[in-house]
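Source file: query.csv; contents: CSV, C-alpha atoms.
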```csv
chain,number,residue,atom,x,y,z
A,175,MET,CA,-8.0,9.5,9.9
A,176,ARG,CA,-11.8,9.7,10.5
A,177,ALA,CA,-13.0,10.7,13.9
A,178,VAL,CA,-16.1,12.0,15.8
A,179,VAL,CA,-15.2,15.7,16.6
A,180,VAL,CA,-16.8,18.0,19.1
A,181,ASP,CA,-16.3,21.7,18.1
A,182,ALA,CA,-18.5,23.2,20.7
A,183,PHE,CA,-20.1,22.0,23.9
A,184,GLY,CA,-23.8,21.1,23.5
A,185,PRO,CA,-26.0,18.3,22.3
A,186,PHE,CA,-24.1,15.3,21.2
A,187,GLU,CA,-26.0,15.3,17.9
A,188,ASN,CA,-24.0,18.4,17.0
A,189,ALA,CA,-20.8,16.4,16.8
A,190,ALA,CA,-19.7,15.2,13.4
A,191,ILE,CA,-17.5,12.6,11.8
A,192,ARG,CA,-14.7,14.1,9.7
A,193,GLU,CA,-11.1,13.7,8.5
A,194,VAL,CA,-8.5,14.9,11.0
A,195,PRO,CA,-4.7,14.5,11.0
A,196,ASP,CA,-3.3,11.2,12.3
A,197,PRO,CA,-2.0,11.5,15.9
A,198,VAL,CA,1.7,11.4,16.4
A,199,PRO,CA,2.9,9.4,19.4
A,200,GLY,CA,5.1,11.0,22.0
A,201,PRO,CA,8.2,9.3,23.5
A,202,ALA,CA,6.2,7.4,26.1
A,203,ASP,CA,3.1,6.8,24.0
A,204,LEU,CA,1.6,3.9,22.1
A,205,LEU,CA,-0.1,4.5,18.8
A,206,VAL,CA,-3.2,2.3,18.9
A,207,GLU,CA,-5.3,1.3,15.9
A,208,VAL,CA,-8.8,1.4,17.3
A,209,HIS,CA,-11.2,-1.5,16.6
A,210,ALA,CA,-14.0,-0.9,19.1
A,211,THR,CA,-15.0,1.7,21.7
A,212,ALA,CA,-18.0,1.6,24.0
A,213,ALA,CA,-20.5,4.5,24.3
A,214,ASN,CA,-20.8,5.8,27.8
A,215,TYR,CA,-22.9,8.2,29.8
A,216,VAL,CA,-19.8,10.2,30.6
A,217,ASP,CA,-19.4,10.9,26.9
A,218,ILE,CA,-22.7,12.7,26.9
A,219,LEU,CA,-21.6,14.8,29.9
A,220,LEU,CA,-18.2,15.6,28.3
A,221,MET,CA,-19.7,16.5,25.0
A,222,GLY,CA,-22.3,18.7,26.7
A,223,GLY,CA,-19.7,20.5,28.8
A,224,ARG,CA,-21.4,19.2,32.0
A,225,HIS,CA,-18.6,17.1,33.3
A,226,GLN,CA,-16.4,18.2,36.2
A,227,SER,CA,-13.5,18.4,33.8
A,228,LYS,CA,-13.8,20.1,30.4
A,229,PRO,CA,-11.5,19.1,27.6
A,230,ASP,CA,-10.0,21.7,25.3
A,231,LEU,CA,-12.0,22.2,22.1
A,232,PRO,CA,-12.1,20.7,19.6
A,233,PHE,CA,-11.9,17.2,21.0
A,234,ILE,CA,-12.6,13.6,20.1
A,235,PRO,CA,-14.8,11.8,22.7
A,236,GLY,CA,-14.7,8.1,23.5
A,237,LYS,CA,-13.1,6.3,26.5
A,238,GLY,CA,-11.5,2.9,26.8
A,239,PRO,CA,-11.0,1.9,23.1
A,240,ALA,CA,-9.7,-1.6,22.3
A,241,GLY,CA,-7.4,-2.2,19.5
A,242,THR,CA,-3.9,-3.1,18.2
A,243,VAL,CA,-0.6,-1.4,18.9
A,244,ARG,CA,0.7,0.1,15.6
A,245,ALA,CA,3.8,1.9,17.0
A,246,VAL,CA,5.7,2.3,20.2
A,247,GLY,CA,7.4,5.5,21.4
A,248,PRO,CA,11.1,5.1,22.3
A,249,GLU,CA,10.5,5.5,26.0
A,250,ALA,CA,7.4,3.3,26.0
A,251,ALA,CA,9.5,0.5,24.5
A,252,GLY,CA,11.4,0.2,27.8
A,253,PHE,CA,8.2,0.4,29.9
A,254,ALA,CA,7.7,-2.4,32.4
A,255,ALA,CA,4.9,-3.9,30.4
A,256,GLY,CA,7.2,-4.3,27.4
A,257,PHE,CA,4.7,-3.4,24.7
A,258,ALA,CA,5.4,-4.1,21.0
A,259,ALA,CA,3.6,-3.5,17.7
A,260,GLY,CA,0.8,-6.0,17.3
A,261,ASP,CA,-0.1,-6.2,21.0
A,262,ARG,CA,-3.9,-6.2,21.6
A,263,VAL,CA,-4.7,-3.6,24.3
A,264,VAL,CA,-7.4,-1.5,25.9
A,265,ALA,CA,-6.3,2.1,26.1
A,266,MET,CA,-7.7,4.0,29.1
A,267,CYS,CA,-7.5,7.5,27.5
A,268,GLU,CA,-8.3,10.8,29.3
A,269,PRO,CA,-10.5,12.7,28.6
A,270,GLY,CA,-11.3,10.7,25.4
A,271,GLY,CA,-10.2,10.1,21.9
A,272,GLY,CA,-11.5,6.6,21.3
A,273,PHE,CA,-14.2,7.6,18.7
A,274,ALA,CA,-11.4,7.6,16.0
A,275,GLU,CA,-9.4,5.3,13.8
A,276,LEU,CA,-6.2,5.9,15.7
A,277,ILE,CA,-5.3,7.2,19.2
A,278,CYS,CA,-2.1,8.0,21.1
A,279,VAL,CA,-2.1,7.0,24.7
A,280,PRO,CA,0.7,6.8,27.4
A,281,ALA,CA,1.9,3.3,27.7
A,282,ALA,CA,1.2,3.4,31.5
A,283,GLN,CA,-2.5,3.8,30.6
A,284,CYS,CA,-2.7,0.7,28.3
A,285,HIS,CA,-3.4,-2.9,29.3
A,286,ARG,CA,-3.0,-6.1,27.4
A,287,ILE,CA,-6.3,-7.9,26.9
A,288,PRO,CA,-6.5,-11.8,27.0
A,289,PRO,CA,-5.9,-13.6,23.7
A,290,SER,CA,-9.4,-15.0,23.9
A,291,MET,CA,-11.2,-11.7,24.5
A,292,PRO,CA,-12.8,-10.1,21.4
A,293,PHE,CA,-12.2,-6.4,20.9
A,294,GLU,CA,-15.9,-5.7,21.4
A,295,GLU,CA,-15.9,-7.4,24.8
A,296,ALA,CA,-12.7,-5.6,25.8
A,297,ALA,CA,-14.3,-2.2,24.9
A,298,SER,CA,-17.6,-3.2,26.6
A,299,MET,CA,-15.8,-4.1,29.9
A,300,ALA,CA,-13.6,-1.0,29.9
A,301,LEU,CA,-14.6,1.9,32.2
A,302,VAL,CA,-17.4,0.0,33.8
A,303,TYR,CA,-15.5,-3.0,35.3
A,304,ASP,CA,-12.5,-0.9,36.4
A,305,THR,CA,-14.9,1.6,38.0
A,306,ALA,CA,-16.7,-1.3,39.8
A,307,TRP,CA,-13.3,-2.7,40.9
A,308,PHE,CA,-12.1,0.6,42.4
A,309,ALA,CA,-15.5,1.2,44.1
A,310,LEU,CA,-15.4,-2.3,45.7
A,311,ARG,CA,-11.7,-2.9,46.3
A,312,GLU,CA,-10.2,0.6,46.9
A,313,ARG,CA,-12.9,2.9,48.0
A,314,GLY,CA,-15.3,0.3,49.6
A,315,ARG,CA,-12.5,-1.8,51.1
A,316,TYR,CA,-14.4,-4.9,50.4
A,317,ALA,CA,-13.8,-7.9,52.8
A,318,ASP,CA,-14.7,-11.5,52.1
A,319,GLY,CA,-18.4,-12.3,52.7
A,320,GLU,CA,-19.7,-8.8,53.0
A,321,THR,CA,-23.1,-7.6,51.7
A,322,VAL,CA,-23.0,-5.2,48.8
A,323,LEU,CA,-25.9,-3.0,47.7
A,324,VAL,CA,-25.5,-1.9,44.1
A,325,LEU,CA,-27.8,1.0,43.1
A,326,GLY,CA,-28.7,1.6,39.5
A,327,ALA,CA,-27.8,-2.1,39.0
A,328,THR,CA,-29.1,-2.3,35.4
A,329,GLY,CA,-26.6,0.4,34.2
A,330,GLY,CA,-23.2,-0.4,32.9
A,331,VAL,CA,-21.3,0.2,36.2
A,332,GLY,CA,-24.1,-1.4,38.1
A,333,LEU,CA,-24.2,-4.7,36.2
A,334,ALA,CA,-20.4,-4.9,36.3
A,335,ALA,CA,-20.5,-4.3,40.1
A,336,VAL,CA,-23.1,-7.0,40.6
A,337,GLN,CA,-21.0,-9.5,38.7
A,338,LEU,CA,-17.7,-8.5,40.3
A,339,ALA,CA,-19.0,-8.4,43.8
A,340,LYS,CA,-20.6,-11.9,43.4
A,341,ALA,CA,-17.3,-13.2,41.9
A,342,LEU,CA,-15.5,-11.9,45.0
A,343,GLY,CA,-17.8,-13.7,47.3
A,344,ALA,CA,-20.3,-11.0,48.4
A,345,THR,CA,-24.0,-11.3,49.0
A,346,VAL,CA,-25.3,-8.9,46.4
A,347,LEU,CA,-28.4,-6.8,46.6
A,348,ALA,CA,-29.4,-5.1,43.3
A,349,GLY,CA,-31.3,-1.8,43.3
A,350,VAL,CA,-33.5,-1.5,40.2
A,351,ALA,CA,-36.1,1.0,39.1
A,352,SER,CA,-37.9,-1.2,36.6
A,353,ALA,CA,-39.2,-4.7,37.5
A,354,SER,CA,-38.9,-5.7,33.9
A,355,LYS,CA,-35.1,-5.6,34.3
A,356,ALA,CA,-34.9,-7.7,37.5
A,357,GLY,CA,-34.1,-10.8,35.5
A,358,MET,CA,-31.0,-9.0,34.0
A,359,VAL,CA,-29.5,-8.4,37.4
A,360,ARG,CA,-30.4,-11.9,38.7
A,361,ASP,CA,-28.6,-13.4,35.7
A,362,ALA,CA,-25.6,-11.2,36.7
A,363,GLY,CA,-25.6,-12.8,40.1
A,364,ALA,CA,-27.8,-10.7,42.4
A,365,ASP,CA,-29.1,-12.5,45.4
A,366,ALA,CA,-32.0,-10.1,46.1
A,367,ILE,CA,-33.7,-7.3,44.4
A,368,VAL,CA,-34.3,-3.8,46.0
A,369,ASP,CA,-37.2,-2.0,44.2
A,370,LEU,CA,-36.2,1.6,43.8
A,371,ALA,CA,-39.6,2.5,42.4
A,372,ARG,CA,-41.6,1.8,45.5
A,373,ASP,CA,-43.6,4.5,47.2
A,374,ASP,CA,-41.9,6.3,50.1
A,375,ILE,CA,-38.4,5.3,49.0
A,376,HIS,CA,-36.9,7.1,52.0
A,377,ASP,CA,-38.2,4.3,54.2
A,378,SER,CA,-39.0,1.5,51.8
A,379,LEU,CA,-35.4,1.2,50.6
A,380,ARG,CA,-34.1,0.6,54.1
A,381,GLU,CA,-36.9,-1.8,54.9
A,382,GLN,CA,-36.1,-3.9,51.8
A,383,VAL,CA,-32.3,-4.0,52.7
A,384,TYR,CA,-33.0,-4.8,56.3
A,385,ASP,CA,-35.4,-7.6,55.2
A,386,ALA,CA,-32.6,-9.1,53.1
A,387,THR,CA,-29.9,-8.8,55.7
A,388,GLY,CA,-31.7,-9.7,58.9
A,389,GLY,CA,-31.8,-6.0,60.0
A,390,ARG,CA,-28.1,-5.5,59.7
A,391,GLY,CA,-27.9,-3.4,56.5
A,392,ALA,CA,-25.4,-3.3,53.7
A,393,ASP,CA,-21.7,-3.3,54.4
A,394,ILE,CA,-21.0,-1.4,51.1
A,395,VAL,CA,-23.3,0.7,49.0
A,396,ILE,CA,-22.3,1.6,45.4
A,397,ASP,CA,-24.2,4.7,44.3
A,398,PRO,CA,-24.1,6.0,40.7
A,399,LEU,CA,-27.5,7.7,41.1
A,400,GLY,CA,-27.5,10.3,43.9
A,401,ASP,CA,-30.7,12.4,44.4
A,402,ALA,CA,-33.3,10.9,46.7
A,403,ILE,CA,-31.9,7.4,46.3
A,404,PHE,CA,-28.7,8.5,48.1
A,405,ASP,CA,-30.7,10.0,50.9
A,406,ALA,CA,-32.5,6.7,51.4
A,407,ALA,CA,-29.5,4.4,50.8
A,408,ILE,CA,-27.4,6.0,53.5
A,409,ARG,CA,-30.0,4.9,56.0
A,410,ALA,CA,-29.5,1.3,54.9
A,411,VAL,CA,-25.7,1.2,55.5
A,412,ALA,CA,-24.6,-1.2,58.2
A,413,TRP,CA,-22.6,-0.2,61.3
A,414,CYS,CA,-19.1,0.6,60.1
A,415,GLY,CA,-20.3,0.3,56.5
A,416,ARG,CA,-19.1,2.3,53.5
A,417,LEU,CA,-21.1,4.2,50.8
A,418,VAL,CA,-19.2,5.0,47.6
A,419,VAL,CA,-20.5,7.9,45.4
A,420,VAL,CA,-19.9,7.1,41.8
A,421,GLY,CA,-22.2,9.6,40.1
A,422,PHE,CA,-25.4,11.5,40.0
A,423,ALA,CA,-27.4,10.0,37.2
A,424,ALA,CA,-30.7,10.5,39.0
A,425,GLY,CA,-30.3,14.2,39.1
A,426,ARG,CA,-29.7,16.2,42.3
A,427,ILE,CA,-26.3,16.2,43.9
A,428,PRO,CA,-27.1,15.2,47.5
A,429,THR,CA,-25.8,16.6,50.8
A,430,ILE,CA,-25.4,14.8,54.1
A,431,ARG,CA,-25.5,15.7,57.8
A,432,ALA,CA,-22.2,14.7,59.3
A,433,ASN,CA,-23.7,13.7,62.6
A,434,TYR,CA,-25.3,10.7,60.9
A,435,LEU,CA,-21.8,9.5,60.0
A,436,LEU,CA,-20.7,9.8,63.6
A,437,VAL,CA,-23.7,8.1,65.1
A,438,ARG,CA,-23.5,5.1,62.7
A,439,ASN,CA,-19.7,4.9,62.4
A,440,ILE,CA,-20.0,4.9,58.6
A,441,ASP,CA,-17.9,6.3,55.8
A,442,VAL,CA,-19.0,8.1,52.7
A,443,GLY,CA,-16.4,8.4,49.9
A,444,GLY,CA,-16.2,9.4,46.3
A,445,LEU,CA,-14.7,7.8,43.2
A,446,GLN,CA,-13.2,9.8,40.4
A,447,ILE,CA,-11.6,7.0,38.5
A,448,GLY,CA,-9.8,9.2,36.0
A,449,ASP,CA,-7.6,10.5,38.8
A,450,TYR,CA,-6.6,6.9,39.8
A,451,ARG,CA,-5.5,6.2,36.2
A,452,LYS,CA,-3.3,9.2,36.2
A,453,ARG,CA,-2.0,9.1,39.8
A,454,ARG,CA,-1.9,5.3,40.5
A,455,PRO,CA,-1.2,3.4,37.2
A,456,ASP,CA,0.3,0.6,39.4
A,457,LEU,CA,-3.1,0.1,41.1
A,458,THR,CA,-4.9,0.4,37.8
A,459,ALA,CA,-2.7,-2.3,36.3
A,460,ARG,CA,-3.5,-4.5,39.3
A,461,CYS,CA,-7.2,-3.8,38.7
A,462,PHE,CA,-7.1,-5.0,35.1
A,463,GLU,CA,-5.0,-8.0,36.0
A,464,GLU,CA,-7.7,-9.2,38.4
A,465,ILE,CA,-10.6,-8.4,36.1
A,466,TYR,CA,-9.0,-10.3,33.2
A,467,ALA,CA,-8.1,-13.2,35.5
A,468,LEU,CA,-11.7,-13.5,36.6
A,469,TYR,CA,-12.8,-13.2,33.0
A,470,GLU,CA,-10.5,-16.0,31.8
A,471,ALA,CA,-11.7,-18.2,34.8
A,472,GLY,CA,-15.3,-17.7,33.6
A,473,ARG,CA,-16.3,-16.0,36.8
A,474,ILE,CA,-17.3,-12.7,35.1
A,475,ALA,CA,-18.2,-11.9,31.6
A,476,ALA,CA,-18.7,-8.9,29.3
A,477,LEU,CA,-22.1,-7.3,29.8
A,478,PRO,CA,-24.8,-7.8,27.2
A,479,THR,CA,-23.4,-5.9,24.3
A,480,GLY,CA,-24.8,-4.5,21.1
A,481,THR,CA,-22.7,-3.1,18.3
A,482,LEU,CA,-23.1,-0.2,15.9
A,483,PRO,CA,-20.8,1.3,13.3
A,484,ILE,CA,-19.0,4.4,14.4
A,485,GLU,CA,-21.2,6.4,12.0
A,486,ASN,CA,-24.1,5.7,14.4
A,487,PHE,CA,-22.5,7.3,17.5
A,488,ALA,CA,-25.5,9.6,18.0
A,489,ASP,CA,-27.9,6.6,18.0
A,490,ALA,CA,-25.8,4.9,20.6
A,491,LEU,CA,-25.6,7.9,22.9
A,492,ALA,CA,-29.3,8.5,22.5
A,493,GLY,CA,-30.0,5.0,23.7
A,494,ILE,CA,-28.0,5.7,26.8
A,495,ARG,CA,-29.7,9.1,27.4
A,496,ASP,CA,-33.2,7.8,26.9
A,497,ARG,CA,-32.5,4.6,28.9
A,498,SER,CA,-33.7,2.5,26.0
A,499,ALA,CA,-30.4,0.6,25.7
A,500,ARG,CA,-30.3,-2.8,27.3
A,501,GLY,CA,-26.7,-3.4,28.3
A,502,ARG,CA,-23.7,-1.9,26.6
A,503,ILE,CA,-23.4,-0.4,23.1
A,504,VAL,CA,-20.0,-0.7,21.4
A,505,LEU,CA,-19.1,1.4,18.3
A,506,LYS,CA,-17.0,-0.5,15.8
A,507,GLN,CA,-14.5,0.7,13.2
A,508,ASP,CA,-14.7,-1.0,9.9
A,509,ARG,CA,-11.7,-3.3,10.4
A,510,ALA,CA,-11.0,-7.0,9.9
A,511,GLY,CA,-10.6,-9.0,13.1
```
Please lay out the structure from this file as structure tokens.
Amino acid sequence: MRAVVVDAFGPFENAAIREVPDPVPGPADLLVEVHATAANYVDILLMGGRHQSKPDLPFIPGKGPAGTVRAVGPEAAGFAAGFAAGDRVVAMCEPGGGFAELICVPAAQCHRIPPSMPFEEAASMALVYDTAWFALRERGRYADGETVLVLGATGGVGLAAVQLAKALGATVLAGVASASKAGMVRDAGADAIVDLARDDIHDSLREQVYDATGGRGADIVIDPLGDAIFDAAIRAVAWCGRLVVVGFAAGRIPTIRANYLLVRNIDVGGLQIGDYRKRRPDLTARCFEEIYALYEAGRIAALPTGTLPIENFADALAGIRDRSARGRIVLKQDRAG
């Protein structure tokens, strides 16, 4: 089969497409014929050796491919989900493997996609919607009617979190660094915009959140940015609120003074979603069930998505690195359907 292969950690442009042996499914695996896989920021980190986990070299990047089950391992055949050849699935593979024509994934990490959902949309929603769900439901302990501040709201996880929070009944504040993208988050359901490019962000972020909430603050803050944005956002958390750390795309990994948590009765928690997939497949299955139910009900949708052939993987990743991509980029295999 053909696959994108990383032989050494470094710039993603150094990876190459070449022929590699077809994977052989283990007893509890599904062999999935890949149709589409989204490009993600985490791919850049993994390929560069800058992620908290480092895959063994050589490796094939690409998380959350969508495709068709070609073969079912003998133990997977008796798995509760009852997979069979021909099923349409999203495969939540760790640490990657989706930038290939075929992939083997444990059955517990695979989830059927709705019949009406195109493979491109399934791939586009993977990784970002489940991250948003765990940030809201599990780590943020969302309760009906709460106010949610989503930082980096024009990114993949951010846009998914805005849509999902709105679908769950939240008042949604969207933090954006570019006024030109404000319409994108309003279309996703944001009730108010928080300008992350304002001067003196340390004070101006809280002022904007307080203006939008009558001085109360945000019950939940989802932060994929870190750096000075984290420092400012924690000051905008409501009494007994929760801040969920999803990443550090803005640069510096922040620190916090614990006395502030005590005085404000607030929680700061982290989300490493790969651990949940491995340790809590039952909860991950529940996550996808709710996401797909909301999708079929028309309450959430795939993010704006562009497609490229797998041969253009470097162009897709460059668009993410340079922040020139608007919405998601999905890499497609040359397959019918």
What is the distance between CA of Phe186 in chain A and CA of Leu491 in chain A, in Å to one decimal?
->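 Distance between the two atoms: 7.7 Å.
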Atom-to-atom span, CA of Gly444 in chain A and CA of Thr321 in chain A, Å =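 Taking CA of Gly444 in chain A as the start and CA of Thr321 in chain A as the end point, the length is 19.1 Å.
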Nearest-residue call for Ile375 in chain A, choices A:Val346, A:Ala410, A:Ala492, A:Val395, using only C-alpha atoms |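 Of the candidates, the smallest distance to Ile375 in chain A is held by A:Ala410.
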Non-local contacts of Asp196 in chain A (9 Å; all atoms listed in the file; under 5 positions in same chain excluded) as an MDAnalysis selection string | chainID A and resid 175:176 275:277
Restricting it to C-alpha atoms, dump the selection as a PDB file, keeping the file's coordinate frame.
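Done, and the output landed in out_35.pdb:
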```
ATOM      1  CA  MET A 175      -8.000   9.500   9.900  1.00  0.00           C
ATOM      2  CA  ARG A 176     -11.800   9.700  10.500  1.00  0.00           C
ATOM      3  CA  GLU A 275      -9.400   5.300  13.800  1.00  0.00           C
ATOM      4  CA  LEU A 276      -6.200   5.900  15.700  1.00  0.00           C
ATOM      5  CA  ILE A 277      -5.300   7.200  19.200  1.00  0.00           C
TER       6      ILE A 277
END
```
Return the single residue from A:Gly357, A:Pro235, A:Pro288, A:Pro478 that is closest to Met221 in chain A, with distances computed using only C-alpha atoms.
->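 Looking at the shortest contact to Met221 in chain A, the residue is A:Pro235.
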Hey, which bits of range 279-390 of chain A sit within 7 Å of range 204-207 of chain A, and for each residue what's the closest pair of atoms and how far apart in Å (one decimal), counting all atoms listed in the file, rows by chain and increasing number, as a Markdown table?
```
| residue | atom | partner | partner_atom | distance |
| --- | --- | --- | --- | --- |
| A:Val279 | CA | A:Leu204 | CA | 5.5 |
| A:Pro280 | CA | A:Leu204 | CA | 6.1 |
| A:Ala281 | CA | A:Leu204 | CA | 5.6 |
```
Write out as a PyMOL selection string the residues lying within 8 Å of range 376-392 of chain A, counting only C-alpha atoms and excluding same-chain residues fewer than 3 positions away.
-> chain A and resi 320-323+347+366+368-370+372-373+395+402-403+405-407+409-413+415
State, in Å with one decimal place, the distance from CA of Ala240 in chain A to CA of Leu220 in chain A.
->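 If I compute the distance from CA of Ala240 in chain A to CA of Leu220 in chain A, I get 20.1 Å.
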Shell of 10 Å around Phe404 in chain A, all atoms listed in the file, local chain residues under 2 positions omitted, as number ranges by chain = A: 325, 376, 395-402, 406-410, 417, 419, 422, 424, 426-430
Contacts of Arg192 in chain A at 8 Å (all atoms listed in the file; same-chain gap of 3+ positions) as a ChimeraX atom specification = /A:176-179
Box centre and edge lengths (Å, one decimal), axis-aligned, range 242-249 of chain A plus 4 Å each side, as lines of an AutoDock Vina configuration file:
```
center_x = 3.6
center_y = 1.2
center_z = 20.8
size_x = 23.0
size_y = 16.6
size_z = 18.4
```
Point out the residue among A:Ala189, A:Ala499, A:Val194, A:Ala476 with the least atom-to-atom distance to Gly329 in chain A, counting all atoms listed in the file.
->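 Of A:Ala189, A:Ala499, A:Val194, A:Ala476, the one nearest Gly329 in chain A is A:Ala499, counting all atoms listed in the file.
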Counting all atoms listed in the file, figure out which residue out of A:Cys414, A:Ala210, A:Ala274, A:Leu333 gets nearest to Lys355 in chain A.
->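 Smallest distance to Lys355 in chain A is found for A:Leu333.
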Atoms added to range 225-244 of chain A (N, CA and C atoms), reported as a PDB file, keeping the file's coordinate frame:
```
ATOM      1  N   HIS A 225     -19.461  17.877  32.470  1.00  0.00           N
ATOM      2  CA  HIS A 225     -18.600  17.100  33.300  1.00  0.00           C
ATOM      3  C   HIS A 225     -17.729  17.960  34.173  1.00  0.00           C
ATOM      4  N   GLN A 226     -17.231  17.406  35.313  1.00  0.00           N
ATOM      5  CA  GLN A 226     -16.400  18.200  36.200  1.00  0.00           C
ATOM      6  C   GLN A 226     -15.104  18.670  35.558  1.00  0.00           C
ATOM      7  N   SER A 227     -14.674  17.941  34.537  1.00  0.00           N
ATOM      8  CA  SER A 227     -13.500  18.400  33.800  1.00  0.00           C
ATOM      9  C   SER A 227     -13.960  18.668  32.338  1.00  0.00           C
ATOM     10  N   LYS A 228     -13.430  19.748  31.779  1.00  0.00           N
ATOM     11  CA  LYS A 228     -13.800  20.100  30.400  1.00  0.00           C
ATOM     12  C   LYS A 228     -12.588  20.041  29.514  1.00  0.00           C
ATOM     13  N   PRO A 229     -12.665  19.187  28.502  1.00  0.00           N
ATOM     14  CA  PRO A 229     -11.500  19.100  27.600  1.00  0.00           C
ATOM     15  C   PRO A 229     -11.429  20.336  26.709  1.00  0.00           C
ATOM     16  N   ASP A 230     -10.234  20.588  26.216  1.00  0.00           N
ATOM     17  CA  ASP A 230     -10.000  21.700  25.300  1.00  0.00           C
ATOM     18  C   ASP A 230     -10.740  21.369  23.964  1.00  0.00           C
ATOM     19  N   LEU A 231     -11.337  22.378  23.376  1.00  0.00           N
ATOM     20  CA  LEU A 231     -12.000  22.200  22.100  1.00  0.00           C
ATOM     21  C   LEU A 231     -11.062  22.520  20.942  1.00  0.00           C
ATOM     22  N   PRO A 232     -11.264  21.879  19.794  1.00  0.00           N
ATOM     23  CA  PRO A 232     -12.100  20.700  19.600  1.00  0.00           C
ATOM     24  C   PRO A 232     -11.555  19.458  20.203  1.00  0.00           C
ATOM     25  N   PHE A 233     -12.411  18.468  20.459  1.00  0.00           N
ATOM     26  CA  PHE A 233     -11.900  17.200  21.000  1.00  0.00           C
ATOM     27  C   PHE A 233     -12.662  16.036  20.448  1.00  0.00           C
ATOM     28  N   ILE A 234     -12.044  14.862  20.603  1.00  0.00           N
ATOM     29  CA  ILE A 234     -12.600  13.600  20.100  1.00  0.00           C
ATOM     30  C   ILE A 234     -13.073  12.831  21.381  1.00  0.00           C
ATOM     31  N   PRO A 235     -14.358  12.517  21.511  1.00  0.00           N
ATOM     32  CA  PRO A 235     -14.800  11.800  22.700  1.00  0.00           C
ATOM     33  C   PRO A 235     -14.487  10.272  22.547  1.00  0.00           C
ATOM     34  N   GLY A 236     -14.892   9.508  23.567  1.00  0.00           N
ATOM     35  CA  GLY A 236     -14.700   8.100  23.500  1.00  0.00           C
ATOM     36  C   GLY A 236     -13.637   7.569  24.467  1.00  0.00           C
ATOM     37  N   LYS A 237     -14.031   6.849  25.521  1.00  0.00           N
ATOM     38  CA  LYS A 237     -13.100   6.300  26.500  1.00  0.00           C
ATOM     39  C   LYS A 237     -12.933   4.822  26.378  1.00  0.00           C
ATOM     40  N   GLY A 238     -11.741   4.336  26.697  1.00  0.00           N
ATOM     41  CA  GLY A 238     -11.500   2.900  26.800  1.00  0.00           C
ATOM     42  C   GLY A 238     -11.564   2.156  25.443  1.00  0.00           C
ATOM     43  N   PRO A 239     -10.974   2.688  24.366  1.00  0.00           N
ATOM     44  CA  PRO A 239     -11.000   1.900  23.100  1.00  0.00           C
ATOM     45  C   PRO A 239     -10.113   0.685  23.197  1.00  0.00           C
ATOM     46  N   ALA A 240     -10.488  -0.317  22.435  1.00  0.00           N
ATOM     47  CA  ALA A 240      -9.700  -1.600  22.300  1.00  0.00           C
ATOM     48  C   ALA A 240      -9.184  -1.682  20.911  1.00  0.00           C
ATOM     49  N   GLY A 241      -7.930  -2.081  20.785  1.00  0.00           N
ATOM     50  CA  GLY A 241      -7.400  -2.200  19.500  1.00  0.00           C
ATOM     51  C   GLY A 241      -5.968  -2.797  19.479  1.00  0.00           C
ATOM     52  N   THR A 242      -5.234  -2.521  18.427  1.00  0.00           N
ATOM     53  CA  THR A 242      -3.900  -3.100  18.200  1.00  0.00           C
ATOM     54  C   THR A 242      -2.846  -2.039  18.202  1.00  0.00           C
ATOM     55  N   VAL A 243      -1.750  -2.300  18.896  1.00  0.00           N
ATOM     56  CA  VAL A 243      -0.600  -1.400  18.900  1.00  0.00           C
ATOM     57  C   VAL A 243      -0.011  -1.315  17.508  1.00  0.00           C
ATOM     58  N   ARG A 244       0.068  -0.089  16.954  1.00  0.00           N
ATOM     59  CA  ARG A 244       0.700   0.100  15.600  1.00  0.00           C
ATOM     60  C   ARG A 244       2.134   0.561  15.767  1.00  0.00           C
TER      61      ARG A 244
END
```
